[in-house]
$ cat target22.cif   # mmCIF, C-alpha atoms and all ligand atoms
data_protein
#
loop_
_atom_site.label_atom_id
_atom_site.label_comp_id
_atom_site.auth_asym_id
_atom_site.auth_seq_id
_atom_site.Cartn_x
_atom_site.Cartn_y
_atom_site.Cartn_z
CA MET J 77 -29.09 -15.26 42.70
CA SER J 78 -30.63 -12.42 40.71
CA ALA J 79 -34.38 -11.69 40.66
CA GLU J 80 -34.25 -12.40 36.95
CA SER J 81 -33.03 -15.98 37.29
CA SER J 82 -35.48 -16.87 40.10
CA SER J 83 -38.42 -15.67 37.97
CA GLU J 84 -37.21 -18.16 35.34
CA GLU J 85 -37.36 -21.11 37.76
CA PRO J 86 -38.69 -23.91 35.53
CA GLU J 87 -41.78 -25.93 36.29
CA LEU J 88 -41.34 -29.03 38.48
CA CYS J 89 -43.15 -32.23 37.58
CA VAL J 90 -43.23 -35.33 39.83
CA ARG J 91 -44.49 -38.87 39.11
CA ASP J 92 -44.56 -42.06 41.18
CA VAL J 93 -44.95 -45.57 39.85
CA PHE J 94 -44.68 -49.05 41.34
CA ALA J 95 -42.84 -51.34 38.93
CA MET J 96 -40.19 -54.09 39.05
CA ASP J 97 -41.22 -54.80 42.64
CA THR J 98 -40.20 -51.34 43.80
CA PHE J 99 -41.42 -47.77 44.31
CA MET J 100 -40.10 -45.40 41.69
CA HIS J 101 -40.08 -41.64 42.05
CA LEU J 102 -39.30 -39.41 39.07
CA LYS J 103 -38.92 -35.66 39.12
CA ALA J 104 -38.06 -33.39 36.25
CA TYR J 105 -37.97 -29.67 35.51
CA GLY J 106 -38.95 -27.71 32.43
CA GLU J 107 -41.80 -27.18 30.02
CA HIS J 108 -41.53 -30.70 28.53
CA ALA J 109 -41.25 -32.46 31.88
CA ASP J 110 -44.87 -33.52 32.26
CA THR J 111 -45.36 -35.27 28.89
CA THR J 112 -41.85 -36.68 28.97
CA LEU J 113 -42.29 -38.30 32.38
CA GLY J 114 -45.43 -39.93 30.95
CA LYS J 115 -43.31 -41.42 28.14
CA ALA J 116 -40.66 -42.50 30.66
CA ILE J 117 -43.24 -44.39 32.70
CA GLU J 118 -44.53 -46.14 29.57
CA ARG J 119 -40.96 -47.23 28.86
CA ILE J 120 -40.51 -48.50 32.43
CA LEU J 121 -43.68 -50.59 32.21
CA LEU J 122 -42.66 -51.95 28.82
CA LEU J 123 -39.25 -52.93 30.19
CA GLU J 124 -40.92 -54.62 33.14
CA ASP J 125 -43.03 -56.67 30.70
CA LYS J 126 -39.96 -57.75 28.72
CA LEU J 127 -37.74 -58.55 31.69
CA SER J 128 -40.04 -59.91 34.40
CA VAL J 129 -39.01 -63.38 35.45
CA LYS J 130 -42.60 -64.12 36.46
CA SER J 131 -44.56 -62.92 33.43
CA GLU J 132 -45.25 -65.58 30.79
CA GLN J 133 -45.03 -62.92 28.07
CA SER J 134 -41.49 -61.79 28.94
CA ASP J 135 -38.23 -62.53 27.14
CA THR J 136 -36.91 -63.87 30.44
CA TRP J 137 -39.73 -66.40 30.59
CA ALA J 138 -39.05 -67.43 26.97
CA ILE J 139 -35.37 -68.03 27.77
CA ASN J 140 -36.15 -69.88 31.00
CA HIS J 141 -38.65 -72.20 29.29
CA SER J 142 -36.77 -72.73 26.03
CA ASP J 143 -35.89 -76.43 26.61
CA GLY J 144 -32.39 -75.78 25.31
CA LYS J 145 -33.56 -74.20 22.04
CA ALA J 146 -32.52 -70.74 20.78
CA VAL J 147 -35.12 -67.99 21.27
CA SER J 148 -35.32 -64.51 19.81
CA VAL J 149 -35.29 -61.63 22.32
CA SER J 150 -35.61 -57.84 22.27
CA LYS J 151 -32.64 -55.45 22.04
CA ASP J 152 -33.15 -54.48 25.69
CA THR J 153 -32.88 -58.06 26.87
CA MET J 154 -29.85 -58.66 24.66
CA THR J 155 -28.12 -55.57 26.13
CA LEU J 156 -28.68 -56.90 29.64
CA LEU J 157 -27.54 -60.41 28.74
CA ARG J 158 -24.34 -59.16 27.08
CA LYS J 159 -23.45 -56.72 29.87
CA GLY J 160 -24.31 -59.34 32.50
CA ILE J 161 -22.00 -61.87 30.85
CA GLU J 162 -19.24 -59.27 30.37
CA ILE J 163 -19.28 -58.20 34.03
CA GLY J 164 -19.52 -61.84 35.06
CA GLU J 165 -16.28 -62.44 33.16
CA LYS J 166 -14.56 -59.34 34.54
CA THR J 167 -15.46 -60.19 38.14
CA ASN J 168 -14.53 -63.86 37.97
CA GLY J 169 -18.17 -64.96 38.15
CA ALA J 170 -19.13 -62.79 41.16
CA LEU J 171 -22.04 -61.60 39.03
CA ASP J 172 -23.92 -64.54 37.60
CA ILE J 173 -27.16 -63.89 35.73
CA THR J 174 -28.05 -67.60 35.92
CA LEU J 175 -28.42 -67.73 39.71
CA TYR J 176 -32.20 -67.71 39.60
CA PRO J 177 -32.76 -71.40 40.54
CA VAL J 178 -30.68 -70.77 43.69
CA ILE J 179 -32.46 -67.51 44.48
CA THR J 180 -35.83 -69.29 44.36
CA ALA J 181 -34.46 -72.08 46.59
CA TRP J 182 -33.89 -69.40 49.23
CA GLY J 183 -37.39 -68.06 48.57
CA PHE J 184 -36.17 -64.53 47.86
CA THR J 185 -38.63 -64.14 45.02
CA MET J 186 -41.55 -65.28 47.20
CA ASP J 187 -42.68 -64.20 50.63
CA LYS J 188 -41.66 -67.56 52.07
CA GLN J 189 -37.92 -67.39 52.70
CA GLN J 190 -36.00 -70.30 54.20
CA ILE J 191 -32.57 -71.91 54.42
CA PRO J 192 -32.62 -74.45 51.60
CA ASP J 193 -31.91 -78.11 52.12
CA THR J 194 -28.25 -78.83 51.20
CA GLN J 195 -29.16 -81.40 48.54
CA LEU J 196 -31.65 -79.01 46.92
CA LEU J 197 -29.03 -76.25 46.95
CA ALA J 198 -26.44 -78.57 45.36
CA ASP J 199 -28.95 -79.57 42.65
CA ARG J 200 -29.78 -75.95 41.91
CA MET J 201 -26.11 -74.93 41.91
CA SER J 202 -25.46 -77.46 39.14
CA LEU J 203 -27.71 -75.32 36.90
CA VAL J 204 -25.72 -72.11 37.52
CA ASP J 205 -23.07 -71.01 35.01
CA TYR J 206 -23.35 -67.77 33.07
CA THR J 207 -20.81 -69.05 30.52
CA GLY J 208 -23.56 -71.40 29.32
CA VAL J 209 -25.59 -68.44 28.00
CA LEU J 210 -24.89 -68.12 24.28
CA THR J 211 -25.94 -65.15 22.18
CA ASP J 212 -25.95 -64.72 18.41
CA GLY J 213 -27.61 -61.69 16.82
CA ASP J 214 -31.02 -61.50 18.50
CA LEU J 215 -30.92 -65.17 19.51
CA VAL J 216 -30.07 -66.57 22.92
CA SER J 217 -29.77 -70.14 24.05
CA VAL J 218 -29.20 -71.70 27.45
CA PRO J 219 -28.84 -75.37 28.42
CA ASP J 220 -32.10 -77.04 29.42
CA GLY J 221 -32.94 -76.16 33.04
CA MET J 222 -30.78 -73.03 33.22
CA GLN J 223 -32.66 -69.88 34.24
CA VAL J 224 -31.62 -66.25 33.96
CA ASP J 225 -32.80 -63.20 35.86
CA PHE J 226 -31.84 -59.56 35.73
CA GLY J 227 -32.57 -58.62 39.34
CA ALA J 228 -29.00 -57.39 39.82
CA LEU J 229 -28.94 -55.02 36.85
CA ALA J 230 -32.43 -54.24 35.51
CA LYS J 231 -33.06 -51.12 37.58
CA GLY J 232 -29.75 -49.58 36.54
CA TYR J 233 -30.56 -50.23 32.89
CA THR J 234 -34.05 -48.82 33.40
CA SER J 235 -32.67 -45.57 34.79
CA ASP J 236 -30.38 -45.28 31.74
CA CYS J 237 -33.44 -45.66 29.49
CA VAL J 238 -35.39 -43.05 31.46
CA ILE J 239 -32.51 -40.55 31.28
CA GLU J 240 -32.22 -41.16 27.53
CA ILE J 241 -35.91 -40.38 27.00
CA LEU J 242 -35.68 -37.24 29.12
CA LYS J 243 -32.65 -35.99 27.15
CA LYS J 244 -34.27 -36.71 23.78
CA ASN J 245 -37.26 -34.64 24.84
CA ASP J 246 -35.18 -31.63 25.85
CA VAL J 247 -35.45 -32.13 29.58
CA ASN J 248 -32.07 -31.32 31.11
CA SER J 249 -32.69 -31.36 34.85
CA ALA J 250 -34.16 -34.44 36.52
CA LEU J 251 -33.67 -36.91 39.34
CA VAL J 252 -34.84 -40.49 38.98
CA ASN J 253 -35.11 -42.70 42.06
CA LEU J 254 -35.87 -46.35 41.34
CA GLY J 255 -36.24 -47.91 44.78
CA GLY J 256 -33.15 -46.19 46.16
CA ASN J 257 -31.13 -46.40 42.95
CA VAL J 258 -30.69 -42.77 42.02
CA HIS J 259 -29.79 -41.33 38.62
CA ALA J 260 -29.37 -37.61 38.00
CA LEU J 261 -29.76 -35.83 34.69
CA GLY J 262 -27.82 -32.57 34.64
CA SER J 263 -27.80 -30.53 37.81
CA LYS J 264 -30.57 -28.72 39.67
CA PRO J 265 -32.23 -25.94 37.68
CA ASP J 266 -30.16 -23.34 39.57
CA GLY J 267 -26.97 -25.10 38.46
CA SER J 268 -26.11 -26.58 41.86
CA PHE J 269 -25.47 -30.29 42.44
CA TRP J 270 -28.17 -32.78 43.35
CA LYS J 271 -27.64 -34.08 46.89
CA VAL J 272 -28.05 -37.82 47.34
CA GLY J 273 -27.85 -39.64 50.67
CA VAL J 274 -26.38 -43.12 51.17
CA GLN J 275 -28.12 -45.28 53.77
CA ASN J 276 -26.49 -46.57 56.92
CA PRO J 277 -26.64 -50.38 56.49
CA PHE J 278 -26.94 -50.83 60.28
CA PHE J 279 -29.72 -48.21 60.67
CA PRO J 280 -31.23 -47.72 57.21
CA SER J 281 -33.29 -44.71 58.28
CA GLU J 282 -29.98 -42.88 58.84
CA GLN J 283 -27.33 -41.84 56.32
CA ILE J 284 -23.60 -42.48 56.27
CA CYS J 285 -22.93 -39.63 53.87
CA THR J 286 -24.37 -37.38 51.20
CA LEU J 287 -22.98 -36.95 47.71
CA ASP J 288 -23.03 -33.99 45.33
CA ILE J 289 -23.76 -35.29 41.85
CA SER J 290 -24.76 -34.26 38.35
CA ASP J 291 -25.20 -36.59 35.34
CA MET J 292 -24.45 -39.61 37.46
CA ALA J 293 -26.01 -42.79 38.85
CA VAL J 294 -25.64 -43.72 42.54
CA ILE J 295 -26.51 -47.37 43.10
CA THR J 296 -26.27 -49.36 46.32
CA SER J 297 -26.37 -53.08 47.07
CA GLY J 298 -26.79 -53.83 50.76
CA ASN J 299 -27.47 -56.77 53.05
CA TYR J 300 -30.24 -54.76 54.75
CA GLU J 301 -32.38 -54.45 51.61
CA ARG J 302 -33.89 -57.94 51.59
CA TYR J 303 -33.13 -60.54 54.25
CA PHE J 304 -34.63 -62.92 56.77
CA THR J 305 -33.56 -64.46 60.04
CA GLY J 306 -33.12 -68.23 59.72
CA SER J 307 -34.27 -70.90 62.18
CA ASP J 308 -30.65 -70.85 63.43
CA GLY J 309 -31.00 -67.16 64.38
CA LYS J 310 -28.59 -65.99 61.66
CA LYS J 311 -29.31 -63.28 59.09
CA TYR J 312 -29.52 -64.38 55.43
CA TRP J 313 -29.62 -61.80 52.64
CA HIS J 314 -30.48 -61.71 48.96
CA ILE J 315 -27.04 -61.22 47.42
CA ILE J 316 -25.70 -64.68 46.75
CA ASP J 317 -22.12 -65.80 46.20
CA PRO J 318 -22.23 -67.91 43.02
CA LYS J 319 -19.26 -69.93 44.36
CA ASP J 320 -21.33 -71.68 47.05
CA GLY J 321 -24.95 -70.54 46.69
CA TYR J 322 -25.00 -68.88 50.13
CA PRO J 323 -25.47 -65.18 50.90
CA ALA J 324 -22.19 -63.42 50.10
CA ASP J 325 -20.40 -62.90 53.41
CA ASN J 326 -17.02 -61.46 52.51
CA GLY J 327 -16.92 -58.59 54.97
CA LEU J 328 -19.14 -56.04 53.23
CA VAL J 329 -22.61 -54.87 54.26
CA SER J 330 -23.05 -52.30 51.51
CA VAL J 331 -21.47 -51.23 48.25
CA THR J 332 -22.39 -47.99 46.51
CA ILE J 333 -21.25 -47.37 42.95
CA ILE J 334 -21.18 -43.90 41.44
CA GLY J 335 -20.91 -43.90 37.65
CA LYS J 336 -22.25 -42.57 34.36
CA SER J 337 -23.94 -45.83 33.36
CA GLY J 338 -26.78 -47.05 35.56
CA LEU J 339 -26.48 -50.53 34.05
CA VAL J 340 -22.77 -50.92 34.79
CA SER J 341 -23.13 -49.33 38.25
CA ASP J 342 -25.96 -51.70 39.17
CA ALA J 343 -24.10 -54.78 37.92
CA LEU J 344 -20.96 -53.69 39.80
CA SER J 345 -22.76 -52.91 43.06
CA THR J 346 -23.88 -56.53 43.24
CA ALA J 347 -20.64 -58.06 41.91
CA LEU J 348 -18.32 -56.07 44.21
CA PHE J 349 -20.54 -56.87 47.21
CA VAL J 350 -19.88 -60.53 46.42
CA LEU J 351 -16.13 -60.01 45.92
CA GLY J 352 -15.61 -58.44 49.35
CA THR J 353 -13.49 -55.49 50.52
CA GLU J 354 -10.02 -56.37 49.23
CA GLU J 355 -11.07 -57.62 45.82
CA ALA J 356 -13.52 -54.73 45.35
CA ILE J 357 -10.68 -52.30 46.04
CA ARG J 358 -8.40 -54.15 43.64
CA TYR J 359 -11.12 -54.13 40.96
CA TRP J 360 -11.56 -50.36 41.32
CA GLN J 361 -7.81 -49.80 41.15
CA GLU J 362 -7.58 -51.76 37.90
CA GLU J 363 -10.67 -50.31 36.22
CA GLU J 364 -11.64 -46.78 35.16
CA GLY J 365 -14.93 -44.99 35.07
CA PHE J 366 -16.56 -45.31 38.49
CA GLU J 367 -16.18 -44.40 42.14
CA MET J 368 -17.39 -46.40 45.12
CA ILE J 369 -18.24 -46.39 48.81
CA LEU J 370 -17.84 -49.55 50.87
CA VAL J 371 -19.18 -50.26 54.35
CA THR J 372 -17.75 -53.29 56.15
CA ASP J 373 -19.44 -55.56 58.69
CA ASP J 374 -17.20 -54.08 61.39
CA ALA J 375 -18.57 -50.61 60.56
CA LYS J 376 -15.69 -49.16 58.58
CA LEU J 377 -16.41 -46.80 55.72
CA TYR J 378 -14.16 -46.57 52.66
CA TYR J 379 -14.53 -44.27 49.68
CA THR J 380 -12.47 -43.82 46.52
CA GLU J 381 -10.34 -40.71 46.16
CA GLY J 382 -12.35 -39.32 43.22
CA LEU J 383 -15.22 -38.59 45.63
CA THR J 384 -13.21 -36.37 47.96
CA GLU J 385 -14.72 -33.07 46.75
CA PHE J 386 -18.22 -34.46 46.49
CA ILE J 387 -18.79 -36.40 49.70
CA GLN J 388 -19.91 -35.19 53.13
CA ILE J 389 -19.49 -37.93 55.74
CA SER J 390 -22.04 -38.07 58.56
CA LYS J 391 -20.82 -37.56 62.11
CA ALA J 392 -19.80 -40.74 63.94
CA TRP J 393 -18.26 -42.27 60.81
CA ASN J 394 -14.51 -42.29 60.29
CA ALA J 395 -13.79 -42.67 56.64
CA ASN J 396 -10.80 -44.27 54.94
CA VAL J 397 -9.86 -43.10 51.47
CA ILE J 398 -9.00 -45.65 48.77
CA PHE J 399 -6.21 -44.47 46.46
CA ARG J 400 -5.00 -45.77 43.12
CA GLU J 401 -1.82 -47.74 43.74
P1 LIG J 501 -28.89 -55.76 43.72
O1 LIG J 501 -29.91 -55.26 44.67
O2 LIG J 501 -28.69 -54.92 42.51
O3 LIG J 501 -27.58 -56.08 44.38
O4 LIG J 501 -29.43 -57.13 43.12
C1 LIG J 501 -29.77 -58.20 43.96
C2 LIG J 501 -30.64 -59.16 43.20
O5 LIG J 501 -29.88 -59.77 42.14
C3 LIG J 501 -31.13 -60.30 44.08
O6 LIG J 501 -32.39 -60.02 44.62
C4 LIG J 501 -31.14 -61.49 43.13
O7 LIG J 501 -32.34 -61.49 42.37
C5 LIG J 501 -30.00 -61.19 42.18
N1 LIG J 501 -28.70 -61.70 42.62
C6 LIG J 501 -28.27 -62.02 43.87
N2 LIG J 501 -26.98 -62.37 43.88
C7 LIG J 501 -26.56 -62.27 42.58
C8 LIG J 501 -25.31 -62.49 41.94
N3 LIG J 501 -24.22 -62.86 42.59
N4 LIG J 501 -25.27 -62.31 40.58
C9 LIG J 501 -26.35 -61.92 39.89
N5 LIG J 501 -27.56 -61.70 40.45
C10 LIG J 501 -27.66 -61.85 41.78
MG MG J 502 -27.06 -54.42 41.36
#

$ encode --input "target22.cif" --output "structure tokens"
Amino acid sequence: MSAESSSEEPELCVRDVFAMDTFMHLKAYGEHADTTLGKAIERILLLEDKLSVKSEQSDTWAINHSDGKAVSVSKDTMTLLRKGIEIGEKTNGALDITLYPVITAWGFTMDKQQIPDTQLLADRMSLVDYTGVLTDGDLVSVPDGMQVDFGALAKGYTSDCVIEILKKNDVNSALVNLGGNVHALGSKPDGSFWKVGVQNPFFPSEQICTLDISDMAVITSGNYERYFTGSDGKKYWHIIDPKDGYPADNGLVSVTIIGKSGLVSDALSTALFVLGTEEAIRYWQEEEGFEMILVTDDAKLYYTEGLTEFIQISKAWNANVIFRE
């Protein structure tokens, strides 16, 4: 690198915020970085207010307490509803934005987690069906008792919104980390890739690989992120299979999606975790626009062929490449 370019190294600005139940770390380069990160944080907090399932002022609350009547919601909420329904359809219901009554039965939204009583679980499951969510313009209606939540996709959407604000304000090099969901804007100021690590689901302080990325989201769903050990000694995690209301146990312990859209990547990380190894691979082979890394419960690592030039696998892991058929 020439002396000239290093003297032009742009200013680095870093901000941390706790929102949406998670630690968020934003870093951006350039003369507009400081004020722009301020605007980005305002946007994050505003989104939290609109989407929070627990705040009485949120759109989510309005939908969940609408007694079957149509309610008007913000554009942000409508975007999440529509994308949630669309990916629900494309994944055969593996993503279901109406799972909230089941998630609360497991106590994943509280600190008191437990295996729910089978009758309670059956009652709650009768309220789950994303096809019951109807949208029309800015109006949404759900059958009485149905409850939505955006836990599976809100952080991905939020990172899209942050990146959009940064771009609009002439920031072109930034890395946004929303509780482990990473989204890069451009590359590093010196033009090299951002390096992002993917956690080892069995030892989360270690990494299974690092990825070279620019202008890309890297979003992981894993069974190690939120779980408890039941009275039967078994591990129960927060990603639920909408088919039976139990933690999805189809052979995967983590799914990482690498894609341009944070929203789609977040929705897919959850949905493909539910689908399991074979169906996740089939979904990738039939769809365009994203790459993925799968880790199975018997400690096998798979990655899609598009990552070959960009992935460095950690020692001790033998990787299998997934090809298009
Ligand atoms: P993620 O970490 O993106 O995989 O999202 C997990 C969160 O989404 C959970 O904490 C639940 O709030 C919610 N969730 C769990 N399972 C599902 C599912 N199958 N479809 C939609 N949301 C889910
Ligand atoms: Mg997700």

$ closest_residue --input "target22.cif" --among "J:Val129, J:Ile241, J:Leu171, J:Cys285" --to "J:Leu351" --atoms "only C-alpha atoms"
J:Leu171

$ closest_residue --input "target22.cif" --among "J:Gly338, J:Gly160, J:Gly221, J:Gly208" --to "J:Val238" --atoms "only C-alpha atoms"
J:Gly338

$ atom_distance --input "target22.cif" --atom1 "atom CA of J:Gln388" --atom2 "atom CA of J:Lys271"
10.0 Å

$ closest_atom_pairs --input "target22.cif" --of "chain J" --to "ligand LIG 501 (chain J)" --cutoff "6 Å" --atoms "all atoms listed in the file" --output "JSON lines"
{"residue": "J:Ala170", "atom": "CA", "partner": "J:LIG501", "partner_atom": "N3", "distance": 5.3}
{"residue": "J:Leu171", "atom": "CA", "partner": "J:LIG501", "partner_atom": "N4", "distance": 3.7}
{"residue": "J:Asp172", "atom": "CA", "partner": "J:LIG501", "partner_atom": "N4", "distance": 4.0}
{"residue": "J:Ile173", "atom": "CA", "partner": "J:LIG501", "partner_atom": "C9", "distance": 4.7}
{"residue": "J:Gly227", "atom": "CA", "partner": "J:LIG501", "partner_atom": "O5", "distance": 4.0}
{"residue": "J:Ala228", "atom": "CA", "partner": "J:LIG501", "partner_atom": "O4", "distance": 3.3}
{"residue": "J:Leu229", "atom": "CA", "partner": "J:LIG501", "partner_atom": "O2", "distance": 5.7}
{"residue": "J:Ser297", "atom": "CA", "partner": "J:LIG501", "partner_atom": "O3", "distance": 4.2}
{"residue": "J:His314", "atom": "CA", "partner": "J:LIG501", "partner_atom": "O6", "distance": 5.0}
{"residue": "J:Ile315", "atom": "CA", "partner": "J:LIG501", "partner_atom": "N2", "distance": 3.7}
{"residue": "J:Ile316", "atom": "CA", "partner": "J:LIG501", "partner_atom": "N2", "distance": 3.9}
{"residue": "J:Asp317", "atom": "CA", "partner": "J:LIG501", "partner_atom": "N3", "distance": 5.1}
{"residue": "J:Pro318", "atom": "CA", "partner": "J:LIG501", "partner_atom": "N3", "distance": 5.4}
{"residue": "J:Asp342", "atom": "CA", "partner": "J:LIG501", "partner_atom": "O2", "distance": 5.4}
{"residue": "J:Ser345", "atom": "CA", "partner": "J:LIG501", "partner_atom": "O3", "distance": 5.9}
{"residue": "J:Thr346", "atom": "CA", "partner": "J:LIG501", "partner_atom": "O3", "distance": 3.9}

$ residues_around --input "target22.cif" --residues "J:Asp373" --least-positions-apart "6" --cutoff "10 Å" --atoms "all atoms listed in the file" --output "PyMOL selection string"
chain J and resi 277-278+299+325-330

$ atom_distance --input "target22.cif" --atom1 "atom CA of J:Leu121" --atom2 "atom CA of J:Thr185"
19.3 Å

$ residues_around --input "target22.cif" --residues "J:Thr174" --least-positions-apart "3" --cutoff "7 Å" --atoms "all atoms listed in the file" --output "list in words"
Val204, Asp205, Tyr206, Met222, Gln223, Val224 and Asp225 of chain J

$ atom_distance --input "target22.cif" --atom1 "atom CA of J:Ala293" --atom2 "atom CA of J:Arg358"
21.5 Å

$ residues_around --input "target22.cif" --residues "J:Asp199" --least-positions-apart "2" --cutoff "12 Å" --atoms "only C-alpha atoms" --output "number ranges by chain"
J: 177-178, 181, 192-197, 201-204, 221-222, 320-321

$ residues_around --input "target22.cif" --residues "J:Thr98" --least-positions-apart "6" --cutoff "10 Å" --atoms "all atoms listed in the file" --output "CSV table (one decimal) with C-alpha atoms, in the coordinates of the input"
chain,number,residue,atom,x,y,z
J,231,LYS,CA,-33.1,-51.1,37.6
J,254,LEU,CA,-35.9,-46.4,41.3
J,255,GLY,CA,-36.2,-47.9,44.8
J,256,GLY,CA,-33.2,-46.2,46.2

$ axis_aligned_box --input "target22.cif" --around "stretch 213-220 of chain J" --padding-each-side "6 Å" --output "AutoDock Vina command-line options"
--center_x -29.9 --center_y -69.3 --center_z 23.1 --size_x 16.5 --size_y 27.5 --size_z 24.6

$ residues_near_point --input "target22.cif" --point "(-6.3, -51.6, 43.1)" --cutoff "8 Å" --atoms "only C-alpha atoms" --output "mmCIF file with C-alpha atoms, in the frame of the given file"
data_model
loop_
_atom_site.group_PDB
_atom_site.id
_atom_site.type_symbol
_atom_site.label_atom_id
_atom_site.label_comp_id
_atom_site.auth_asym_id
_atom_site.auth_seq_id
_atom_site.Cartn_x
_atom_site.Cartn_y
_atom_site.Cartn_z
ATOM 1 C CA ILE J 357 -10.680 -52.300 46.040
ATOM 2 C CA ARG J 358 -8.400 -54.150 43.640
ATOM 3 C CA TYR J 359 -11.120 -54.130 40.960
ATOM 4 C CA TRP J 360 -11.560 -50.360 41.320
ATOM 5 C CA GLN J 361 -7.810 -49.800 41.150
ATOM 6 C CA GLU J 362 -7.580 -51.760 37.900
ATOM 7 C CA PHE J 399 -6.210 -44.470 46.460
ATOM 8 C CA ARG J 400 -5.000 -45.770 43.120
ATOM 9 C CA GLU J 401 -1.820 -47.740 43.740
#

$ residues_around --input "target22.cif" --residues "J:Asp291" --least-positions-apart "3" --cutoff "6 Å" --atoms "all atoms listed in the file" --output "JSON, numbers by chain"
{"J": [260, 261, 262]}

$ closest_residue --input "target22.cif" --among "J:Thr180, J:Ser341, J:Phe304, J:Asp187" --to "ligand MG 502 (chain J)" --atoms "all atoms listed in the file"
J:Ser341

$ decode --input "target22.cif" --residues "stretch 358-370 of chain J" --atoms "N, CA, C and O atoms" --output "PDB file, in the first residue's frame"
ATOM      1  N   ARG J 358     -32.014 -29.267  -0.806  1.00  0.00           N
ATOM      2  CA  ARG J 358     -32.911 -29.225  -1.966  1.00  0.00           C
ATOM      3  C   ARG J 358     -33.418 -27.794  -2.202  1.00  0.00           C
ATOM      4  O   ARG J 358     -33.466 -27.314  -3.328  1.00  0.00           O
ATOM      5  N   TYR J 359     -33.758 -27.098  -1.115  1.00  0.00           N
ATOM      6  CA  TYR J 359     -34.259 -25.721  -1.248  1.00  0.00           C
ATOM      7  C   TYR J 359     -33.198 -24.848  -1.915  1.00  0.00           C
ATOM      8  O   TYR J 359     -33.481 -24.099  -2.844  1.00  0.00           O
ATOM      9  N   TRP J 360     -31.949 -24.984  -1.458  1.00  0.00           N
ATOM     10  CA  TRP J 360     -30.861 -24.173  -2.044  1.00  0.00           C
ATOM     11  C   TRP J 360     -30.691 -24.501  -3.524  1.00  0.00           C
ATOM     12  O   TRP J 360     -30.492 -23.623  -4.356  1.00  0.00           O
ATOM     13  N   GLN J 361     -30.780 -25.795  -3.848  1.00  0.00           N
ATOM     14  CA  GLN J 361     -30.577 -26.193  -5.245  1.00  0.00           C
ATOM     15  C   GLN J 361     -31.681 -25.644  -6.155  1.00  0.00           C
ATOM     16  O   GLN J 361     -31.447 -25.384  -7.324  1.00  0.00           O
ATOM     17  N   GLU J 362     -32.854 -25.433  -5.601  1.00  0.00           N
ATOM     18  CA  GLU J 362     -33.970 -24.955  -6.424  1.00  0.00           C
ATOM     19  C   GLU J 362     -34.097 -23.438  -6.439  1.00  0.00           C
ATOM     20  O   GLU J 362     -34.823 -22.881  -7.243  1.00  0.00           O
ATOM     21  N   GLU J 363     -33.431 -22.762  -5.512  1.00  0.00           N
ATOM     22  CA  GLU J 363     -33.558 -21.309  -5.406  1.00  0.00           C
ATOM     23  C   GLU J 363     -32.253 -20.633  -5.796  1.00  0.00           C
ATOM     24  O   GLU J 363     -31.187 -21.235  -5.739  1.00  0.00           O
ATOM     25  N   GLU J 364     -32.320 -19.354  -6.120  1.00  0.00           N
ATOM     26  CA  GLU J 364     -31.119 -18.576  -6.441  1.00  0.00           C
ATOM     27  C   GLU J 364     -30.911 -17.546  -5.330  1.00  0.00           C
ATOM     28  O   GLU J 364     -31.798 -17.298  -4.526  1.00  0.00           O
ATOM     29  N   GLY J 365     -29.731 -16.974  -5.304  1.00  0.00           N
ATOM     30  CA  GLY J 365     -29.570 -15.734  -4.550  1.00  0.00           C
ATOM     31  C   GLY J 365     -29.033 -15.846  -3.138  1.00  0.00           C
ATOM     32  O   GLY J 365     -29.018 -14.853  -2.424  1.00  0.00           O
ATOM     33  N   PHE J 366     -28.617 -17.043  -2.715  1.00  0.00           N
ATOM     34  CA  PHE J 366     -27.983 -17.116  -1.393  1.00  0.00           C
ATOM     35  C   PHE J 366     -27.054 -18.316  -1.332  1.00  0.00           C
ATOM     36  O   PHE J 366     -27.133 -19.230  -2.151  1.00  0.00           O
ATOM     37  N   GLU J 367     -26.146 -18.276  -0.378  1.00  0.00           N
ATOM     38  CA  GLU J 367     -25.267 -19.423  -0.109  1.00  0.00           C
ATOM     39  C   GLU J 367     -25.533 -19.853   1.326  1.00  0.00           C
ATOM     40  O   GLU J 367     -26.138 -19.099   2.102  1.00  0.00           O
ATOM     41  N   MET J 368     -25.076 -21.031   1.706  1.00  0.00           N
ATOM     42  CA  MET J 368     -25.346 -21.460   3.085  1.00  0.00           C
ATOM     43  C   MET J 368     -24.281 -22.404   3.619  1.00  0.00           C
ATOM     44  O   MET J 368     -23.532 -23.043   2.864  1.00  0.00           O
ATOM     45  N   ILE J 369     -24.229 -22.459   4.952  1.00  0.00           N
ATOM     46  CA  ILE J 369     -23.345 -23.384   5.666  1.00  0.00           C
ATOM     47  C   ILE J 369     -24.226 -24.137   6.662  1.00  0.00           C
ATOM     48  O   ILE J 369     -24.980 -23.524   7.421  1.00  0.00           O
ATOM     49  N   LEU J 370     -24.142 -25.456   6.614  1.00  0.00           N
ATOM     50  CA  LEU J 370     -24.935 -26.275   7.539  1.00  0.00           C
ATOM     51  C   LEU J 370     -23.998 -27.041   8.461  1.00  0.00           C
ATOM     52  O   LEU J 370     -22.962 -27.541   8.012  1.00  0.00           O
TER      53      LEU J 370
END
